[in-house]
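Since the structure comes first, as structure tokens, the remarks are kept for the end.
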Protein chains: 6
Amino acid sequence: MITDADVEQWLREDVGHHDVTNDVPGDTEGRLVAKEPGTVAGLDAARAVFSYLDCDPTLRVGVGDPIEPGDVLLEVAGPARKLLRGERVAVNIVGHASGIATKTAAAVDAARTVADDTVIAGTRKTTPGLRGVEKRAVAAGGGDTHRLDLSHMVMVKDNHVAEMGLEGAISHFSDRASFATKLDVEVEHVEDAPRAAEFGADIVLLDNMTPDETERAVELVAGTDGETLTEASGSITVDTVPHYAGTGVDIISMGSLTHSAPTLDLSFRTG
Amino acid sequence: MITDADVEQWLREDVGHHDVTNDVPGDTEGRLVAKEPGTVAGLDAARAVFSYLDCDPTLRVGVGDPIEPGDVLLEVAGPARKLLRGERVAVNIVGHASGIATKTAAAVDAARTVADDTVIAGTRKTTPGLRGVEKRAVAAGGGDTHRLDLSHMVMVKDNHVAEMGLEGAISHFSDRASFATKLDVEVEHVEDAPRAAEFGADIVLLDNMTPDETERAVELVAGTDGETLTEASGSITVDTVPHYAGTGVDIISMGSLTHSAPTLDLSFRTG
Amino acid sequence: MITDADVEQWLREDVGHHDVTNDVPGDTEGRLVAKEPGTVAGLDAARAVFSYLDCDPTLRVGVGDPIEPGDVLLEVAGPARKLLRGERVAVNIVGHASGIATKTAAAVDAARTVADDTVIAGTRKTTPGLRGVEKRAVAAGGGDTHRLDLSHMVMVKDNHVAEMGLEGAISHFSDRASFATKLDVEVEHVEDAPRAAEFGADIVLLDNMTPDETERAVELVAGTDGETLTEASGSITVDTVPHYAGTGVDIISMGSLTHSAPTLDLSFRTG
Amino acid sequence: MITDADVEQWLREDVGHHDVTNDVPGDTEGRLVAKEPGTVAGLDAARAVFSYLDCDPTLRVGVGDPIEPGDVLLEVAGPARKLLRGERVAVNIVGHASGIATKTAAAVDAARTVADDTVIAGTRKTTPGLRGVEKRAVAAGGGDTHRLDLSHMVMVKDNHVAEMGLEGAISHFSDRASFATKLDVEVEHVEDAPRAAEFGADIVLLDNMTPDETERAVELVAGTDGETLTEASGSITVDTVPHYAGTGVDIISMGSLTHSAPTLDLSFRTG
Amino acid sequence: MITDADVEQWLREDVGHHDVTNDVPGDTEGRLVAKEPGTVAGLDAARAVFSYLDCDPTLRVGVGDPIEPGDVLLEVAGPARKLLRGERVAVNIVGHASGIATKTAAAVDAARTVADDTVIAGTRKTTPGLRGVEKRAVAAGGGDTHRLDLSHMVMVKDNHVAEMGLEGAISHFSDRASFATKLDVEVEHVEDAPRAAEFGADIVLLDNMTPDETERAVELVAGTDGETLTEASGSITVDTVPHYAGTGVDIISMGSLTHSAPTLDLSFRTG
Amino acid sequence: MITDADVEQWLREDVGHHDVTNDVPGDTEGRLVAKEPGTVAGLDAARAVFSYLDCDPTLRVGVGDPIEPGDVLLEVAGPARKLLRGERVAVNIVGHASGIATKTAAAVDAARTVADDTVIAGTRKTTPGLRGVEKRAVAAGGGDTHRLDLSHMVMVKDNHVAEMGLEGAISHFSDRASFATKLDVEVEHVEDAPRAAEFGADIVLLDNMTPDETERAVELVAGTDGETLTEASGSITVDTVPHYAGTGVDIISMGSLTHSAPTLDLSFRTG
């Protein structure tokens with residue numbers, strides 16, 4: 001959900017106290033147009049920006065749609081002054097979100113070359129202030145939003161294990177976590193993976209393992225009798241996704257989807 | 001300036017209503033550590049995050065410093081619960097800002113291979129909500145912050161020229177802009193560059209020109225008797241920076257410094 | 001997490017523009033004291049209020065502790081003017097949260113009379129603006145926080161089933177929900193409970209059933225081979241908790257824990 | 001006045017970053033329906049919630065109206081996604097406010113059994129963040145809003161009297177308070193009541209007195225020649241209201257109206 | 001009460017995204033110094049500004065104190081960068097508030113030339129965003145804060161009287177207003193003044209009357225047997241205050257105290 | 001740009017928790033009417049106030065227009081309750097802004113008596129919270145907005161010069177400031193003015209000089225070969241403007257335009 005407070009923050013930082021450049025009379029029309037191919041996201045934010053400015057935007061594509069150069073994403077009409085003030089913010093936020101969706105779609109496509117249902121997931125490595133926008137952009141690109149915030153899922157980390165042991169840590173958090181909350185347990189050694197599954201992990205996160213180690217860990221977890229999922233994480237790139245997708249791991253999570261996606265090139269054309 | 005309201009927004013979206021994972025007793029120490037070489041920025045934001053949480057961070061490097069893998073950027077001590085809650089936000093913001101500083105420094109270095117004082121500048125293509133953080137990151141990387149917001153400098157665009165003519169548009173905005181505000185005039189044709197200079201532009205922006213066109217435009221502007229600066233802009237990358245820097249243009253502005261810089265890889269180590 | 005913005009909102013609405021009553025010189029000490037027995041919660045909010053006012057509070061009991069009349073919960077020293085301005089807000093928020101914790105503890109005790117591990121859980125029926133405070137108060141009373149917000153867990157409701165059928169609805173949301181997110185499926189007929197389990201529900205919510213119906217549904221779900229949990233919900237009171245706890249249901253969720261708990265009687269004594 | 005910022009706070013805490021459950025296409029209609037009898041309040045807040053979501057709610061009853069099970073309070077049409085996201089917040093706030101109005105109306109009715117015009121009043125013991133909503137709910141139930149905030153009326157308390165004496169304290173605050181502001185003086189002993197009246201109190205608050213003590217204090221105040229009002233306060237419940245109303249006291253103030261009123265049971269029905 | 005949110009708003013609008021001017025190293029000391037005589041107010045705001053910036057200000061005079069050129073109002077030490085950023089905001093707010101206090105003190109002095117206890121009061125004609133600062137500045141100058149906001153006191157206006165008649169309007173609002181709230185009734189004709197008093201006004205506001213008319217109205221109100229106060233209002237200036245103070249009216253209220261007071265000249269000296 | 005958050009702040013501080021006075025039924029019409037001649041500003045804020053209240057205001061004059069007593073500035077229709085709640089805020093903000101515009105216009109007129117194009121400019125001495133409103137009011141009155149915030153233009157001050165020397169300070173800031181940012185250099189001695197121009201100042205601010213000193217400094221700067229502007233500042237009043245305008249100085253900046261302008265007298269008439 002994009003709030004008015006979000007939009008105010010974005011416009012206020014861009015407009016400043018006295019914008020002379022865009023203080024022009026008359027009405028006009030504007031179109032948000034793709035300049036390169038990709039996957040679209042962030043249109044709810046662009047709509048919120050123009051709605052806040054009392055213009056009336058119409059979406060021409062849906063979230064998650066593939067777009068080609070020249071495709072119109074959004075049309076809006078209204079006072080030129082308002083359109084010109086919303087333009088840069090709208091381009092920036094849609095370009096940013098669509099860049100994430102596009103990178104996510106590329107990772108999903110890379111996984112599909114070797115496996116039909118490996119999940120590509122984001123992380124909490126998002127740009128401060130834009131958690132919701134970026135998580136929804138990952139979903140738009142066909143990815144999984146993963147843990148939305150610290151309260152959404154419990155992750156048992158190496159420092160917990162160092163202090164309480166693997167079984168102790170899982171037991172500690174199983175007692176404290178709500179029944180509504182899953183438990184994702186990070187392991188660094190292949191042989192800890194099945195142990196975590198047996199102690200009650202809902203997901204076992206295989207941290208910084210090679211594809212070979214990952215494959216062995218996945219097999220060992222499959223040999224336990226629960227329904228534990230496996231997740232690979234740690235510096236995986238779009239290029240190395242197929243190596244992990246081929247291991248049978250259920251989920252591949254990638255911080256780069258959100259923290260290192262280049263913008264999707266867009267322009268706002270008026271008149 | 002990072003406000004408490006910024007920090008609250010960042011922490012609130014990451015923590016959620018009931019964080020079980022990090023609800024641990026005791027005090028600890030943490031260090032923000034570089035995992036790859038780069039240029040550091042955003043430390044004021046990390047300091048603000050930990051200060052908001054009543055911890056007491058110490059900066060170990062200065063903004064704009066080059067860093068190597070293993071370098072400690074910031075140290076902080078306090079309740080483990082608080083450090084763990086601030087950790088992700090601090091890494092995300094410093095990684096994001098340092099990624100921008102690092103890319104800016106690379107562009108500056110690329111320019112220096114052919115010219116001693118070409119300015120590398122950012123644009124208004126920043127991530128919504130982070131204008132100040134990103135502009136200061138550009139400065140940290142040795143770049144120029146360019147127009148901070150719409151009220152900072154007047155830019156005369158093609159749509160203004162279409163409506164009022166080049167001379168008319170420059171005159172229109174010269175009348176309306178404060179004496180404190182410069183006038184940057186965008187031209188798309190080489191021959192318009194010296195005309196803009198003569199009509200009173202403080203800066204002439206050479207939009208989407210080739211290096212050759214840019215070079216000619218720079219020469220023509222130099223032939224007028226004002227002190228007009230020249231600026232090249234439009235899809236210039238770190239790789240193509242030297243081609244433009246070699247033209248004698250004063251400023252090269254690049255949206256990709258802020259909208260497409262990958263994060264700088266950092267980790268937060270506790271204990 | 002209590003933010004400064006929360007505290008500002010609370011103080012601003014209570015203080016107004018010109019408080020003459022509490023504009024008194026000198027320093028004083030204050031103690032938050034229980035006037036009736038109960039379970040304490042909300043102390044982080046009281047601490048945040050006095051810290052915001054630059055006073056230095058010390059907690060004398062822990063969250064979730066049982067308290068008796070006369071017990072001191074918090075001590076604070078500072079300018080009389082500030083303590084008197086924080087007093088009413090602190091009493092209101094701690095009384096409110098502790099009232100919820102106390103009612104939750106009573107429900108847990110009622111369940112324990114017949115079952116060792118039935119979970120007592122809250123709902124999203126919280127007071128607007130206080131979601132986090134109230135969820136943590138439920139936890140303080142020994143309850144389970146249940147779904148923290150709409151994004152935390154997917155709940156499949158009767159209107160979804162009406163439109164897509166039970167299997168269709170579960171399949172629809174399994175496809176869309178993150179692997180990190182559980183699926184809680186509401187059923188109104190006993191015979192739908194095992195079907196929901198088989199179609200993939202993580203939890204089956206038995207809505208508005210009698211204890212007898214609940215018992216039968218629990219048995220049917222146990223007969224399926226997954227690890228599906230069962231949850232009873234719908235106008236269950238502390239008095240009727242034992243009837244449900246006796247059915248073997250895993251979770252009893254009660255809106256009244258948060259929307260209808262009387263305050264815990266506290267006073268703030270100065271001097 | 002419900003602000004957009006209030007509504008944003010309420011929706012943001014309930015929706016989270018990525019709500020899958022309610023992400024459904026199409027339009028629908030919704031009705032807020034009473035499930036038990038009571039007195040309605042808080043409809044301005046529900047209207048604000050749906051208006052913020054760009055839906056168009058219509059109120060079917062007025063604030064302060066008595067309602068019966070099945071009565072429709074509000075109707076609204078719009079995108080299903082938006083109605084479902086506003087639903088829980090709307091039910092929570094109207095149920096909360098109407099619970100307060102209903103309890104207030106019960107206290108007023110109890111007073112009316114023995115006295116025609118005893119005023120039933122709320123206090124500052126309100127839920128943090130909801131001062132205005134709860135004060136207006138007390139008014140909706142036929143009660144008096146009493147002191148809205150610390151700046152609205154000066155209350156002279158026992159700690160003031162301990163320091164300056166009764167006459168000294170009243171004189172101190174008469175000098176400092178605006179002519180626009182009344183003076184409510186708290187006394188704990190019957191014999192202090194007429195003294196407070198003579199020294200200039202606008203209202204004498206009879207704190208924690210029995211009905212008999214209250215009656216004597218009321219008579220003594222009546223014997224002075226001002227127009228001083230009398231107020232009874234201190235753990236008075238709906239059950240004991242008639243005992244105090246019978247004493248001739250002008251005002252009975254009750255913290256429980258706001259801090260311990262159970263919600264009024266409502267549901268939101270769509271389709 | 002000055003909140004952190006107030007200070008953030010003030011600093012953010014003054015600092016912008018990248019302040020080069022004040023980005024200087026080292027620590028320094030600063031003093032807020034009077035350049036002309038007057039009455040001081042607004043120091044709580046200046047203290048809040050520097051405290052927000054983590055500097056440690058010390059007040060050297062009290063609110064309401066008379067000051068002479070050269071007097072130091074506040075001292076503060078800290079990083080030069082922070083002091084220089086807080087300086088302009090601190091001078092602006094203290095100059096503004098002290099200008100109001102100074103003008104109020106002048107009006108009080110003018111009244112004292114002819115009457116010992118006529119009250120000089122402000123109005124709701126304050127600068128948007130600064131209600132509390134300006135009301136407290138009026139108090140600092142020896143004035144009365146009058147109605148703090150619409151909820152503080154009921155004012156019966158000419159449009160109410162036009163619709164319901166004088167008696168009807170007073171009766172209407174007496175029924176609806178809390179016992180904690182006074183009733184100020186505006187009359188435009190001398191002969192309505194005693195009628196308003198008899199119908200139950202706490203204060204009769206004599207609107208736009210000449211001193212002679214005011215004197216007659218005051219006498220007529222004194223002839224009724226209540227304790228009704230009289231208030232003169234309507235374009236009264238410091239120069240004409242004595243004419244009204246001589247009529248025996250209890251209160252003179254003046255919008256110009258807040259909406260037209262020139263700043264008090266101050267400077268901030270560092271080093 | 002006036003944000004909804006601005007309007008909420010203004011209305012919240014004026015309305016309080018329970019406004020009885022204006023809680024009236026029915027619709028009405030209102031007009032904002034001038035009671036004295038002047039120059040209008042701030043209408044965007046008034047429009048934002050009534051729009052926020054869902055009324056539909058129409059502007060009858062343009063920003064910067066001269067107005068006479070009786071002129072209607074704005075008309076608005078809607079629920080009486082809402083119009084009456086917006087009225088005071090609208091009058092306060094438009095009166096404040098128009099007072100500034102009117103004073104600015106008077107200063108411009110004073111300058112025009114002796115010089116055709118001397119610029120009259122505001123300063124950063126604005127009322128905290130109203131920077132944008134007041135800067136735009138200066139522009140409405142025919143003035144120049146000058147430095148909008150610290151990030152807009154670099155000003156080299158006496159303390160910089162004391163530390164680094166005049167040439168050193170100008171060089172220091174030329175290196176650090178963006179090409180988009182001008183450099184305004186403050187000098188206190190006539191002979192420093194041409195030196196500042198030669199070292200690279202865009203503007204030389206002649207601080208606290210007499211008209212004679214100003215004239216000499218202007219001549220000396222004109223004798224250098226750059227295009228440096230000259231600015232006079234320091235306690236210049238509308239009365240002394242002509243003495244400075246006659247010196248040939250380019251810009252006269254005056255803090256009193258914003259910090260000491262009396263309100264323009266307006267009324268809001270309903271029905």
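Residue numbers start at 1 in each chain; chains themselves are named A, B, ... in the order of the structure tokens; ligands are numbered from 1 in the order shown.
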**OP:** May I have all residues of stretch 31-259 of chain A that DSSP, computed from the backbone, assigns to strand (DSSP E or B), given as a PyMOL selection string?
**Re:** chain A and resi 31-34+38-39+58-59+66-67+72-79+119-121+144+154-156+181+183-187+203-207+229-233+251-253
Quick one: residues within 7 Å of E:Leu59, only C-alpha atoms, excluding same-chain residues fewer than 4 positions away - as a CSV table (one decimal) with all heavy atoms, in the first residue's frame?
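And here is the file that came out, around_36.csv:
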```csv
chain,number,residue,atom,x,y,z
E,73,LEU,N,20.8,35.2,26.0
E,73,LEU,CA,19.6,34.4,26.3
E,73,LEU,C,19.9,32.9,26.4
E,73,LEU,O,19.3,32.3,27.3
E,73,LEU,CB,18.6,34.6,25.1
E,73,LEU,CG,17.7,35.9,25.1
E,73,LEU,CD1,18.6,37.1,24.8
E,73,LEU,CD2,16.6,35.8,24.1
E,74,LEU,N,20.8,32.4,25.7
E,74,LEU,CA,21.1,31.0,25.6
E,74,LEU,C,22.6,30.8,25.2
E,74,LEU,O,23.1,31.5,24.3
E,74,LEU,CB,20.1,30.4,24.6
E,74,LEU,CG,20.3,28.9,24.2
E,74,LEU,CD1,18.9,28.4,23.8
E,74,LEU,CD2,21.2,28.7,23.1
E,75,GLU,N,23.2,29.8,25.8
E,75,GLU,CA,24.6,29.5,25.4
E,75,GLU,C,24.6,28.0,25.0
E,75,GLU,O,23.8,27.2,25.6
E,75,GLU,CB,25.6,29.7,26.6
E,75,GLU,CG,25.8,31.1,26.9
E,75,GLU,CD,26.8,31.3,28.0
E,75,GLU,OE1,27.1,30.3,28.7
E,75,GLU,OE2,27.2,32.4,28.3
```
Residues of chain B within 9 Å of chain A, counting only C-alpha atoms, as a short mmCIF file (atom, residue, chain, number, x, y, z; two decimals) with N, CA and C atoms, in the first residue's frame:
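The new file result.cif reads:
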```cif
data_model
loop_
_atom_site.label_atom_id
_atom_site.label_comp_id
_atom_site.auth_asym_id
_atom_site.auth_seq_id
_atom_site.Cartn_x
_atom_site.Cartn_y
_atom_site.Cartn_z
N ASP B 6 13.21 9.68 9.43
CA ASP B 6 13.76 8.76 8.43
C ASP B 6 14.07 7.42 9.08
N VAL B 7 14.79 7.49 10.20
CA VAL B 7 15.21 6.26 10.86
C VAL B 7 14.00 5.45 11.32
N GLN B 9 11.03 5.38 9.99
CA GLN B 9 10.42 4.75 8.82
C GLN B 9 11.18 3.49 8.44
N TRP B 10 12.51 3.57 8.43
CA TRP B 10 13.33 2.42 8.02
C TRP B 10 13.22 1.27 9.02
N LEU B 11 13.27 1.59 10.31
CA LEU B 11 13.19 0.52 11.31
C LEU B 11 11.79 -0.08 11.37
N GLU B 13 9.51 -0.42 9.07
CA GLU B 13 9.19 -1.33 7.97
C GLU B 13 9.98 -2.64 8.07
N ASP B 14 11.08 -2.63 8.79
CA ASP B 14 11.89 -3.84 8.88
C ASP B 14 11.59 -4.68 10.11
N VAL B 15 11.15 -4.04 11.18
CA VAL B 15 10.97 -4.77 12.43
C VAL B 15 9.58 -5.40 12.52
N GLY B 16 8.54 -4.68 12.12
CA GLY B 16 7.19 -5.21 12.26
C GLY B 16 6.72 -5.19 13.71
N HIS B 17 5.67 -5.91 14.00
CA HIS B 17 5.00 -5.77 15.30
C HIS B 17 5.61 -6.60 16.41
N HIS B 18 6.29 -7.70 16.08
CA HIS B 18 6.74 -8.59 17.16
C HIS B 18 7.90 -9.43 16.65
N ASP B 19 9.09 -8.92 16.85
CA ASP B 19 10.31 -9.57 16.36
C ASP B 19 10.81 -10.57 17.39
N VAL B 20 10.62 -11.83 17.12
CA VAL B 20 11.06 -12.88 18.04
C VAL B 20 12.54 -13.20 17.83
N THR B 21 12.97 -13.20 16.57
CA THR B 21 14.33 -13.63 16.23
C THR B 21 15.41 -12.90 17.03
N ASN B 22 15.24 -11.60 17.15
CA ASN B 22 16.29 -10.79 17.77
C ASN B 22 16.00 -10.40 19.21
N ARG B 85 18.62 -5.38 15.64
CA ARG B 85 17.52 -4.72 14.91
C ARG B 85 18.01 -3.60 14.00
N ARG B 88 20.48 -4.70 9.85
CA ARG B 88 20.06 -4.85 8.45
C ARG B 88 19.85 -3.49 7.80
N VAL B 89 19.20 -2.59 8.54
CA VAL B 89 18.96 -1.25 8.01
C VAL B 89 20.29 -0.54 7.76
N VAL B 91 23.31 -1.88 7.21
CA VAL B 91 24.01 -2.48 6.06
C VAL B 91 23.33 -2.04 4.77
N ASN B 92 22.02 -2.07 4.74
CA ASN B 92 21.32 -1.71 3.50
C ASN B 92 21.61 -0.28 3.08
N ILE B 93 21.59 0.64 4.02
CA ILE B 93 21.75 2.05 3.63
C ILE B 93 23.21 2.36 3.30
N GLY B 95 25.49 0.19 2.29
CA GLY B 95 25.79 -0.53 1.05
C GLY B 95 25.26 0.22 -0.16
N HIS B 96 24.04 0.71 -0.02
CA HIS B 96 23.41 1.45 -1.12
C HIS B 96 24.19 2.73 -1.42
N GLY B 99 27.68 2.04 -2.75
CA GLY B 99 27.61 1.58 -4.13
C GLY B 99 27.58 2.77 -5.08
N ARG B 124 18.65 14.17 -11.07
CA ARG B 124 17.49 13.99 -10.18
C ARG B 124 16.91 12.58 -10.28
N LYS B 125 17.60 11.70 -10.98
CA LYS B 125 17.12 10.31 -11.11
C LYS B 125 17.54 9.50 -9.89
N THR B 126 17.01 9.87 -8.74
CA THR B 126 17.37 9.22 -7.49
C THR B 126 16.22 8.34 -7.01
N THR B 127 16.52 7.51 -6.04
CA THR B 127 15.50 6.63 -5.49
C THR B 127 14.58 7.42 -4.56
N PRO B 128 13.27 7.40 -4.83
CA PRO B 128 12.34 8.20 -4.01
C PRO B 128 12.52 7.96 -2.50
N GLY B 129 12.65 9.02 -1.76
CA GLY B 129 12.85 8.96 -0.32
C GLY B 129 14.31 9.12 0.09
N LEU B 130 15.22 9.01 -0.88
CA LEU B 130 16.65 9.01 -0.55
C LEU B 130 17.43 10.09 -1.29
N ARG B 131 16.77 11.16 -1.71
CA ARG B 131 17.45 12.22 -2.46
C ARG B 131 18.73 12.69 -1.77
N GLY B 132 18.61 13.05 -0.50
CA GLY B 132 19.77 13.60 0.21
C GLY B 132 20.87 12.57 0.38
N LEU B 148 19.81 19.83 -6.94
CA LEU B 148 19.35 19.06 -5.78
C LEU B 148 17.85 18.82 -5.83
N ASP B 149 17.11 19.82 -6.26
CA ASP B 149 15.67 19.66 -6.43
C ASP B 149 15.20 20.69 -7.45
N LEU B 150 13.95 20.65 -7.79
CA LEU B 150 13.43 21.54 -8.84
C LEU B 150 13.63 23.01 -8.52
N SER B 151 13.72 23.35 -7.24
CA SER B 151 13.85 24.75 -6.85
C SER B 151 15.29 25.24 -6.85
N HIS B 152 16.24 24.33 -7.03
CA HIS B 152 17.65 24.68 -6.89
C HIS B 152 18.20 25.38 -8.13
N MET B 153 17.82 24.90 -9.30
CA MET B 153 18.32 25.48 -10.55
C MET B 153 17.19 25.37 -11.56
N VAL B 154 17.08 26.36 -12.44
CA VAL B 154 16.06 26.27 -13.49
C VAL B 154 16.65 25.54 -14.68
N MET B 155 15.93 24.55 -15.18
CA MET B 155 16.36 23.91 -16.42
C MET B 155 15.34 24.20 -17.51
N VAL B 156 15.83 24.76 -18.59
CA VAL B 156 14.96 25.05 -19.72
C VAL B 156 14.97 23.83 -20.64
N LYS B 157 13.79 23.26 -20.84
CA LYS B 157 13.69 21.98 -21.56
C LYS B 157 13.14 22.17 -22.97
N ASN B 159 10.42 21.19 -24.28
CA ASN B 159 9.01 21.62 -24.39
C ASN B 159 8.87 23.12 -24.18
N PHE B 173 12.51 32.65 -18.38
CA PHE B 173 12.96 32.12 -17.10
C PHE B 173 13.97 33.04 -16.41
N ARG B 176 11.98 35.24 -14.34
CA ARG B 176 11.26 34.66 -13.20
C ARG B 176 12.18 34.03 -12.15
N ALA B 177 13.39 33.67 -12.55
CA ALA B 177 14.27 32.98 -11.60
C ALA B 177 14.95 34.00 -10.68
N SER B 256 22.78 7.09 -14.19
CA SER B 256 23.09 5.73 -13.70
C SER B 256 23.88 5.74 -12.41
N HIS B 259 20.67 5.66 -10.16
CA HIS B 259 19.55 4.72 -10.38
C HIS B 259 20.01 3.31 -10.74
N SER B 260 21.28 3.12 -10.97
CA SER B 260 21.70 1.78 -11.40
C SER B 260 23.04 1.36 -10.81
N ALA B 261 23.37 1.84 -9.63
CA ALA B 261 24.62 1.40 -8.99
C ALA B 261 24.34 0.18 -8.12
N PRO B 262 25.09 -0.91 -8.34
CA PRO B 262 24.94 -2.06 -7.45
C PRO B 262 25.42 -1.71 -6.05
N THR B 263 24.88 -2.37 -5.06
CA THR B 263 25.28 -2.14 -3.66
C THR B 263 26.76 -2.47 -3.48
N LEU B 264 27.39 -1.88 -2.47
CA LEU B 264 28.73 -2.31 -2.08
C LEU B 264 28.56 -3.39 -1.01
N THR B 270 28.97 -9.38 14.71
CA THR B 270 28.78 -9.14 16.15
C THR B 270 29.65 -10.07 16.97
N GLY B 271 29.79 -9.74 18.27
CA GLY B 271 30.47 -10.63 19.22
C GLY B 271 31.95 -10.28 19.33
#
```
Subject >> Between atom CA of E:Asp116 and atom CA of D:Glu198, distance in Å (one decimal) >> reply: 23.7 Å
**OP:** Point out the residue among F:Ala45, F:Ala34, F:Val94, F:Met209 with the least atom-to-atom distance to F:Ile67, counting only C-alpha atoms.
**Re:** F:Ala34
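Atom CA of D:Leu43 is positioned 9.7 Å from atom CA of D:Val133.
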